[in-house]
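Content type mmCIF, C-alpha atoms, from the file model-v4.cif:
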```cif
data_protein
loop_
_atom_site.label_atom_id
_atom_site.label_comp_id
_atom_site.auth_asym_id
_atom_site.auth_seq_id
_atom_site.Cartn_x
_atom_site.Cartn_y
_atom_site.Cartn_z
CA MET A 1 12.15 -126.60 -1.64
CA ALA A 2 13.28 -125.74 1.86
CA GLU A 3 16.89 -126.59 0.93
CA LEU A 4 16.75 -124.10 -1.96
CA GLY A 5 14.94 -121.47 0.10
CA VAL A 6 11.83 -121.63 -2.08
CA VAL A 7 8.68 -120.01 -0.67
CA SER A 8 5.86 -122.51 -0.17
CA HIS A 9 2.77 -121.79 -2.26
CA PRO A 10 0.76 -123.71 -4.93
CA ASP A 11 2.67 -122.46 -8.00
CA ASN A 12 6.04 -123.40 -6.48
CA PHE A 13 4.70 -126.77 -5.34
CA GLN A 14 3.60 -127.48 -8.92
CA LEU A 15 7.00 -126.38 -10.20
CA PHE A 16 9.12 -128.56 -7.93
CA PHE A 17 6.75 -131.54 -7.83
CA THR A 18 7.16 -131.70 -11.63
CA TYR A 19 10.92 -131.38 -11.20
CA VAL A 20 11.14 -134.20 -8.65
CA ALA A 21 8.80 -136.42 -10.69
CA HIS A 22 10.91 -135.82 -13.85
CA THR A 23 7.78 -135.41 -15.97
CA ASN A 24 9.03 -132.36 -17.87
CA PHE A 25 12.49 -132.80 -19.38
CA ASP A 26 12.94 -129.13 -20.29
CA LEU A 27 11.93 -127.91 -16.83
CA CYS A 28 14.27 -130.39 -15.12
CA ARG A 29 17.09 -129.39 -17.45
CA THR A 30 16.58 -125.67 -16.72
CA ILE A 31 16.44 -126.13 -12.94
CA ASP A 32 19.54 -128.34 -13.02
CA ILE A 33 21.41 -125.60 -14.91
CA LEU A 34 20.31 -122.98 -12.39
CA ARG A 35 21.29 -125.18 -9.45
CA SER A 36 24.70 -125.99 -10.92
CA ASN A 37 25.34 -122.26 -11.17
CA HIS A 38 24.10 -121.64 -7.64
CA ARG A 39 21.36 -119.30 -8.80
CA GLU A 40 18.90 -118.21 -6.14
CA PHE A 41 15.35 -119.53 -6.43
CA ASP A 42 13.73 -116.33 -5.22
CA GLU A 43 10.15 -115.37 -6.04
CA ALA A 44 11.13 -113.61 -9.28
CA GLN A 45 13.05 -116.66 -10.53
CA CYS A 46 10.30 -119.11 -9.55
CA GLU A 47 7.61 -116.94 -11.12
CA GLU A 48 9.60 -116.76 -14.37
CA LEU A 49 9.95 -120.55 -14.43
CA HIS A 50 6.27 -121.12 -13.67
CA THR A 51 5.20 -118.66 -16.35
CA ARG A 52 7.50 -120.27 -18.91
CA PHE A 53 6.46 -123.86 -18.30
CA PHE A 54 2.94 -123.77 -16.86
CA SER A 55 1.22 -120.51 -17.60
CA ASP A 56 -0.11 -118.61 -20.57
CA LYS A 57 -0.63 -115.61 -18.28
CA ARG A 58 1.20 -113.14 -20.54
CA GLU A 59 -0.76 -114.20 -23.61
CA ASN A 60 -4.02 -114.03 -21.67
CA GLU A 61 -3.17 -110.51 -20.53
CA ILE A 62 -2.52 -109.49 -24.13
CA ILE A 63 -5.80 -111.02 -25.33
CA GLU A 64 -7.75 -109.43 -22.48
CA ARG A 65 -6.33 -105.95 -23.12
CA ILE A 66 -6.88 -106.03 -26.88
CA SER A 67 -10.38 -107.49 -26.44
CA ASN A 68 -11.39 -104.76 -23.99
CA ASP A 69 -10.08 -102.00 -26.26
CA LEU A 70 -11.84 -103.46 -29.31
CA ARG A 71 -15.03 -103.88 -27.31
CA ALA A 72 -14.92 -100.18 -26.40
CA GLN A 73 -14.32 -99.18 -30.02
CA LEU A 74 -17.15 -101.33 -31.34
CA GLY A 75 -19.44 -99.95 -28.66
CA SER A 76 -18.61 -96.41 -29.77
CA ILE A 77 -19.26 -97.27 -33.42
CA LEU A 78 -22.58 -98.96 -32.64
CA ASP A 79 -23.65 -95.98 -30.55
CA THR A 80 -22.97 -93.61 -33.45
CA VAL A 81 -24.69 -95.90 -35.95
CA ASN A 82 -27.75 -96.18 -33.71
CA LYS A 83 -27.96 -92.39 -33.52
CA VAL A 84 -27.69 -92.22 -37.29
CA GLY A 85 -30.48 -94.73 -37.53
CA VAL A 86 -32.77 -92.43 -35.56
CA ASP A 87 -31.83 -89.41 -37.64
CA THR A 88 -32.30 -91.39 -40.85
CA ARG A 89 -35.85 -92.19 -39.89
CA LYS A 90 -36.40 -88.53 -39.10
CA TYR A 91 -35.06 -87.57 -42.51
CA LYS A 92 -37.30 -90.16 -44.20
CA LYS A 93 -40.25 -88.65 -42.39
CA ALA A 94 -39.34 -85.18 -43.71
CA LEU A 95 -39.08 -86.58 -47.26
CA ASP A 96 -42.44 -88.32 -46.97
CA HIS A 97 -44.00 -85.09 -45.70
CA PHE A 98 -42.57 -83.14 -48.65
CA CYS A 99 -43.75 -85.75 -51.17
CA SER A 100 -47.21 -85.66 -49.63
CA TYR A 101 -47.27 -81.91 -49.91
CA VAL A 102 -46.21 -81.98 -53.57
CA GLY A 103 -49.14 -84.27 -54.31
CA ASP A 104 -51.58 -82.12 -52.34
CA LYS A 105 -53.99 -80.18 -54.58
CA ASN A 106 -54.38 -77.49 -51.89
CA ARG A 107 -50.69 -76.61 -51.75
CA ASN A 108 -49.73 -72.92 -51.78
CA LEU A 109 -46.58 -70.87 -51.85
CA SER A 110 -46.44 -70.36 -48.12
CA ASN A 111 -46.87 -74.05 -47.37
CA LEU A 112 -44.33 -74.92 -50.07
CA GLU A 113 -41.82 -72.56 -48.44
CA GLN A 114 -42.44 -74.20 -45.05
CA ALA A 115 -42.07 -77.69 -46.52
CA LEU A 116 -38.84 -76.76 -48.26
CA HIS A 117 -37.54 -75.18 -45.05
CA THR A 118 -38.30 -78.38 -43.11
CA LEU A 119 -36.69 -80.55 -45.78
CA LEU A 120 -33.60 -78.33 -45.95
CA GLY A 121 -33.21 -78.44 -42.16
CA ALA A 122 -33.53 -82.22 -42.15
CA THR A 123 -31.05 -82.51 -45.02
CA ARG A 124 -28.48 -80.33 -43.29
CA GLU A 125 -28.95 -82.28 -40.07
CA MET A 126 -28.45 -85.51 -42.00
CA GLU A 127 -25.28 -84.14 -43.58
CA GLY A 128 -23.98 -83.25 -40.12
CA VAL A 129 -24.77 -86.71 -38.78
CA ASN A 130 -23.07 -88.34 -41.76
CA ARG A 131 -20.00 -86.18 -41.26
CA ASN A 132 -20.01 -87.16 -37.61
CA LEU A 133 -20.32 -90.84 -38.53
CA GLU A 134 -17.56 -90.52 -41.10
CA SER A 135 -15.32 -88.82 -38.55
CA ARG A 136 -16.11 -91.41 -35.87
CA LEU A 137 -15.51 -94.29 -38.27
CA THR A 138 -12.21 -92.74 -39.40
CA ASN A 139 -11.12 -92.33 -35.77
CA SER A 140 -12.22 -95.86 -34.94
CA SER A 141 -10.39 -97.24 -37.95
CA SER A 142 -7.22 -95.48 -36.80
CA GLU A 143 -7.70 -96.78 -33.28
CA ILE A 144 -8.27 -100.34 -34.47
CA ASN A 145 -5.10 -100.12 -36.59
CA ARG A 146 -3.24 -98.89 -33.52
CA LEU A 147 -4.62 -101.79 -31.49
CA ARG A 148 -3.51 -104.20 -34.22
CA GLU A 149 0.00 -102.75 -34.09
CA ASP A 150 -0.05 -102.97 -30.29
CA MET A 151 -1.12 -106.59 -30.53
CA GLU A 152 1.76 -107.38 -32.89
CA ASN A 153 4.20 -105.63 -30.57
CA LEU A 154 2.85 -107.47 -27.54
CA LYS A 155 3.02 -110.79 -29.40
CA ARG A 156 6.64 -110.11 -30.23
CA GLU A 157 7.26 -109.18 -26.60
CA ALA A 158 5.69 -112.45 -25.45
CA MET A 159 8.08 -114.32 -27.76
CA THR A 160 11.20 -112.36 -26.77
CA ASP A 161 13.65 -113.00 -23.95
CA GLY A 162 13.62 -109.98 -21.67
CA LEU A 163 17.34 -109.99 -20.85
CA THR A 164 18.80 -110.53 -24.31
CA GLY A 165 16.19 -109.38 -26.81
CA ILE A 166 16.41 -112.59 -28.86
CA ALA A 167 13.75 -115.30 -29.17
CA ASN A 168 12.69 -116.98 -25.92
CA ARG A 169 12.02 -120.66 -25.33
CA LYS A 170 8.39 -120.45 -26.47
CA ALA A 171 9.41 -118.84 -29.76
CA PHE A 172 12.18 -121.42 -30.18
CA ASP A 173 9.71 -124.31 -29.79
CA MET A 174 7.42 -122.80 -32.43
CA GLN A 175 10.24 -122.08 -34.87
CA LEU A 176 11.72 -125.56 -34.46
CA ARG A 177 8.39 -127.29 -35.13
CA GLY A 178 7.81 -125.09 -38.17
CA GLY A 179 11.35 -125.65 -39.44
CA MET A 180 11.03 -129.42 -39.10
CA MET A 181 7.78 -129.41 -41.10
CA HIS A 182 9.35 -127.31 -43.87
CA ALA A 183 12.39 -129.59 -43.93
CA MET A 184 10.18 -132.63 -44.51
CA GLU A 185 8.05 -130.85 -47.13
CA ASP A 186 11.03 -129.49 -49.07
CA GLY A 187 13.41 -132.40 -48.55
CA GLN A 188 16.02 -130.01 -47.16
CA PRO A 189 18.30 -130.61 -44.15
CA LEU A 190 17.88 -128.76 -40.87
CA CYS A 191 20.38 -128.57 -38.02
CA LEU A 192 20.12 -127.58 -34.38
CA LEU A 193 22.97 -126.11 -32.34
CA LEU A 194 22.87 -125.99 -28.54
CA LEU A 195 25.40 -123.65 -26.97
CA ASP A 196 26.49 -123.38 -23.35
CA ILE A 197 28.68 -120.66 -21.84
CA ASP A 198 31.82 -122.24 -20.40
CA HIS A 199 32.48 -121.78 -16.67
CA PHE A 200 29.51 -119.44 -16.35
CA LYS A 201 29.38 -120.05 -12.61
CA LYS A 202 32.84 -118.47 -12.34
CA PHE A 203 31.55 -115.17 -13.73
CA ASN A 204 28.73 -115.11 -11.21
CA ASP A 205 30.86 -116.16 -8.24
CA THR A 206 33.79 -113.89 -9.06
CA TYR A 207 32.13 -110.78 -10.43
CA GLY A 208 28.47 -111.06 -9.41
CA HIS A 209 25.21 -111.68 -11.24
CA GLN A 210 25.30 -108.35 -13.07
CA VAL A 211 28.45 -109.40 -14.89
CA GLY A 212 26.86 -112.82 -15.44
CA ASP A 213 23.92 -111.12 -17.13
CA GLN A 214 26.38 -109.05 -19.18
CA VAL A 215 28.02 -112.26 -20.41
CA ILE A 216 24.62 -113.66 -21.38
CA ARG A 217 23.82 -110.49 -23.33
CA LEU A 218 27.24 -110.65 -25.04
CA MET A 219 26.54 -114.22 -26.08
CA ALA A 220 23.12 -113.30 -27.48
CA GLU A 221 24.62 -110.40 -29.43
CA SER A 222 27.25 -112.75 -30.88
CA LEU A 223 24.50 -115.07 -32.07
CA LYS A 224 22.53 -112.23 -33.66
CA ARG A 225 25.59 -110.98 -35.53
CA ASN A 226 26.38 -114.39 -37.01
CA ILE A 227 23.02 -115.79 -38.06
CA LYS A 228 21.31 -114.73 -41.28
CA GLY A 229 18.23 -115.28 -43.41
CA GLN A 230 15.81 -117.77 -41.88
CA ASP A 231 18.15 -118.81 -39.05
CA THR A 232 16.76 -118.49 -35.53
CA ALA A 233 18.77 -117.72 -32.39
CA ALA A 234 17.06 -118.21 -29.04
CA ARG A 235 17.83 -118.26 -25.35
CA TYR A 236 17.10 -121.86 -24.44
CA GLY A 237 17.35 -121.43 -20.66
CA GLY A 238 19.83 -120.06 -18.12
CA GLU A 239 23.17 -119.74 -19.90
CA GLU A 240 22.17 -122.07 -22.74
CA PHE A 241 21.28 -120.89 -26.23
CA ALA A 242 19.94 -122.57 -29.35
CA ILE A 243 20.32 -121.89 -33.06
CA ILE A 244 18.10 -123.39 -35.77
CA LEU A 245 19.76 -123.59 -39.18
CA PRO A 246 17.33 -124.45 -42.03
CA SER A 247 18.71 -125.83 -45.29
CA THR A 248 22.03 -126.61 -43.60
CA SER A 249 23.83 -129.96 -43.55
CA LEU A 250 25.56 -131.32 -40.47
CA GLY A 251 29.02 -130.54 -41.88
CA ASN A 252 28.12 -126.95 -42.68
CA ALA A 253 26.47 -126.53 -39.30
CA VAL A 254 29.72 -127.62 -37.61
CA LEU A 255 31.65 -125.10 -39.72
CA PHE A 256 29.18 -122.40 -38.70
CA GLY A 257 29.50 -123.45 -35.06
CA ASN A 258 33.27 -123.09 -35.17
CA LYS A 259 33.04 -119.67 -36.82
CA LEU A 260 30.64 -118.59 -34.08
CA ARG A 261 32.82 -120.09 -31.34
CA GLN A 262 35.88 -118.19 -32.62
CA TYR A 263 33.86 -114.97 -32.84
CA ILE A 264 32.75 -115.36 -29.22
CA GLU A 265 36.29 -116.13 -28.04
CA SER A 266 37.66 -113.02 -29.76
CA HIS A 267 35.48 -110.65 -27.69
CA LYS A 268 36.27 -109.54 -24.17
CA VAL A 269 33.95 -109.01 -21.26
CA VAL A 270 34.44 -105.49 -19.91
CA THR A 271 32.98 -103.41 -17.11
CA LYS A 272 30.04 -101.11 -17.80
CA SER A 273 32.44 -98.19 -18.11
CA GLY A 274 34.14 -100.07 -20.92
CA LYS A 275 37.59 -99.45 -19.47
CA THR A 276 38.38 -102.57 -17.45
CA ILE A 277 38.70 -105.94 -19.17
CA ILE A 278 37.28 -108.60 -16.86
CA SER A 279 37.77 -111.77 -18.86
CA LYS A 280 36.84 -113.48 -22.09
CA ALA A 281 33.91 -115.81 -22.55
CA THR A 282 34.03 -119.08 -24.46
CA ALA A 283 31.32 -121.52 -25.42
CA SER A 284 30.83 -125.22 -26.05
CA ILE A 285 28.48 -126.17 -28.88
CA GLY A 286 26.63 -129.38 -29.75
CA VAL A 287 25.25 -130.00 -33.25
CA ALA A 288 22.60 -132.45 -34.48
CA GLU A 289 20.77 -132.87 -37.78
CA PHE A 290 17.02 -133.41 -38.03
CA ARG A 291 15.89 -136.89 -39.06
CA PRO A 292 12.59 -136.69 -40.97
CA GLY A 293 9.67 -137.92 -38.92
CA GLU A 294 11.32 -137.72 -35.51
CA PRO A 295 9.84 -135.58 -32.72
CA ALA A 296 11.56 -132.35 -31.73
CA ALA A 297 12.53 -133.84 -28.35
CA LYS A 298 14.75 -136.43 -30.05
CA LEU A 299 16.61 -133.81 -32.08
CA ILE A 300 17.12 -131.67 -28.96
CA GLU A 301 18.31 -134.71 -27.01
CA ARG A 302 21.00 -135.54 -29.61
CA ALA A 303 22.19 -131.92 -29.77
CA ASP A 304 22.30 -131.88 -25.96
CA ARG A 305 24.43 -135.06 -25.87
CA ALA A 306 26.79 -133.50 -28.42
CA LEU A 307 27.01 -130.37 -26.27
CA TYR A 308 28.05 -132.37 -23.23
CA PHE A 309 30.50 -134.36 -25.31
CA ALA A 310 32.15 -131.03 -26.20
CA LYS A 311 32.24 -129.96 -22.56
CA GLU A 312 33.63 -133.27 -21.34
CA ASN A 313 36.40 -133.12 -23.94
CA GLY A 314 37.75 -129.75 -22.87
CA ARG A 315 35.13 -127.07 -23.60
CA ASN A 316 35.48 -124.18 -26.06
CA GLN A 317 34.81 -126.50 -28.97
CA VAL A 318 32.13 -127.84 -31.29
CA ALA A 319 30.99 -131.46 -31.23
CA SER A 320 28.45 -133.15 -33.48
CA GLU A 321 26.28 -136.20 -33.05
CA GLN A 322 28.49 -137.85 -35.67
CA GLN A 323 31.50 -137.56 -33.37
CA ILE A 324 29.60 -139.34 -30.60
CA GLU A 325 28.90 -142.23 -32.96
CA GLN A 326 32.56 -142.28 -33.95
CA SER A 327 33.60 -142.37 -30.30
CA LYS A 328 31.31 -145.34 -29.70
CA THR A 329 32.84 -147.16 -32.66
CA ALA A 330 36.33 -146.37 -31.39
CA GLY A 331 35.36 -147.71 -27.96
CA LYS A 332 34.20 -150.99 -29.45
CA ARG A 333 37.55 -151.33 -31.24
CA GLY A 334 39.29 -151.08 -27.89
CA ASP A 335 40.86 -147.65 -28.33
CA LEU A 336 42.11 -146.08 -25.13
CA LYS A 337 39.70 -143.14 -25.30
CA PRO A 338 37.13 -141.68 -27.66
CA PRO A 339 38.41 -139.15 -30.16
CA SER A 340 38.18 -135.62 -28.83
CA SER A 341 37.10 -132.54 -30.74
CA ARG A 342 40.54 -130.99 -30.53
CA GLY A 343 40.83 -131.03 -34.29
CA ILE A 344 38.17 -128.31 -34.52
CA ALA A 345 38.81 -126.53 -31.25
CA ALA A 346 40.98 -123.51 -30.65
CA GLU A 347 44.23 -124.39 -28.98
#
```
Could you take the file, read its structure, and then write that structure out as structure tokens?
Amino acid sequence: MAELGVVSHPDNFQLFFTYVAHTNFDLCRTIDILRSNHREFDEAQCEELHTRFFSDKRENEIIERISNDLRAQLGSILDTVNKVGVDTRKYKKALDHFCSYVGDKNRNLSNLEQALHTLLGATREMEGVNRNLESRLTNSSSEINRLREDMENLKREAMTDGLTGIANRKAFDMQLRGGMMHAMEDGQPLCLLLLDIDHFKKFNDTYGHQVGDQVIRLMAESLKRNIKGQDTAARYGGEEFAIILPSTSLGNAVLFGNKLRQYIESHKVVTKSGKTIISKATASIGVAEFRPGEPAAKLIERADRALYFAKENGRNQVASEQQIEQSKTAGKRGDLKPPSSRGIAAE
């Protein structure tokens, strides 16, 4: 922690103890990416990591806020209903009094007029209370609907990456688990792509972190423009992204990966003014297909190995788990080197 300039407090101790103990693969992977790109582990970065991997703080804040607002609305409704209850009893008393008078043999015109006046006053008061209740209930209904919309917006916010606007890691985990279940139920294939920005450290070192963030946003926008239907694009961590492709075979996922890679390569990174071209960004992509019954971690691990196979063989290319198996077979035959992905990479 001292070497990385991390402030010593319980949350950071938990974060880096887990990293050193290698008990959370995803956390270790994320920190390794950040370290390789010489990112600073300041308080903001450490807090983001702790929230992502150890804390449901954001969700708890959402629940607390919605609960408090609903509690206030229900309290207001109950208060109005209680008042109506009192007035209802008062109205019942006026009705009973009138009925008693009607049955009284000693009734006279003057008393009848007084009884009718009392009943009319109670009736009008009851009408006013009912209108008040109706108005309060209408307002409360509108407020509850607003709170429901707020809750949906906050839930989406909790599942969205703040920098890019696409799904965050938490949303990715949920979508992947759901996609794997549907794939097993429907007997359809499902593929996972892991994408890493090539030479991302260079952007940060040469142009600064603002340009690095711009490259990350460009990558996210490229993903959004190329996925469709039930596909999910997410920021996996740092400069890594993930795409879930339901009902897609390994071969078609590789074709999609190459189309995406070419799309990314064709766009330039420019300054905020839009006048100066800084560079172009490229990406390496690893592809793996879900095997029914396996845990999500295994699928991610195979896609991650394919990603690093692509990077080791020259970057700016797509590699699949099938190519890794082919390279192993070639190695056993005594070939000089495993086959590269140059056949599907841009020259």
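We find CA of Leu218 (chain A) and CA of Val269 (chain A) to be spaced 7.9 Å apart.
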Report task. Expand the PyMOL selection byres ((chain A and resi 244) around 12) into the individual residues it matches in the shown file, reporting them as a PyMOL selection string. Result -> chain A and resi 167+171-180+183+189-195+223+227-236+241-243+245-250+253+256-257+287-290+296+299-300+303
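Look at everything within 10 Å of (11.2, -114.2, -21.5) using all atoms listed in the file, and the residues you get are Glu48, Leu49, Thr51, Arg52, Glu157, Ala158, Met159, Thr160, Asp161, Gly162, Leu163, Thr164, Gly165, Ile166, Ala167, Asn168, Arg169, Lys170, Ala171, Arg235 and Gly237 of chain A.
Reported to one decimal place, the separation of CA of Ser327 (chain A) from CA of Lys298 (chain A) is 19.8 Å.
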Query raised in the report: Hey, what's within 10 Å of Arg305 (chain A) if we count all atoms listed in the file and toss same-chain stuff fewer than 2 positions away? As a list in words, please?
Result: Leu194, Gly286, Val287, Ala288, Ile300, Glu301, Arg302, Ala303, Leu307, Tyr308, Phe309, Ala310, Lys311, Ala319, Ser320, Glu321 and Ile324 of chain A
Query - Straight-line distance linking CA of Glu239 (chain A) with CA of Phe16 (chain A), stated in Å to one decimal - result: 20.5 Å
Query raised in the report: Just so the selection is clear, what residues does the PyMOL selection byres ((chain A and resi 203-210) around 12) cover here, as a PyMOL selection string?
Result: chain A and resi 34+36-40+163+197-202+211-217+239+269-272+277-282
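Proximity to Phe53 (chain A) was assessed for A:Glu185, A:Glu134, A:Glu143, A:Asp26 counting all atoms listed in the file; the smallest distance is recorded for A:Asp26.
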**Report entry** the PyMOL selection byres ((chain A and resi 4) around 10) resolved against shown file, as a PyMOL selection string
**Finding:** chain A and resi 1-3+5-7+35+38-42
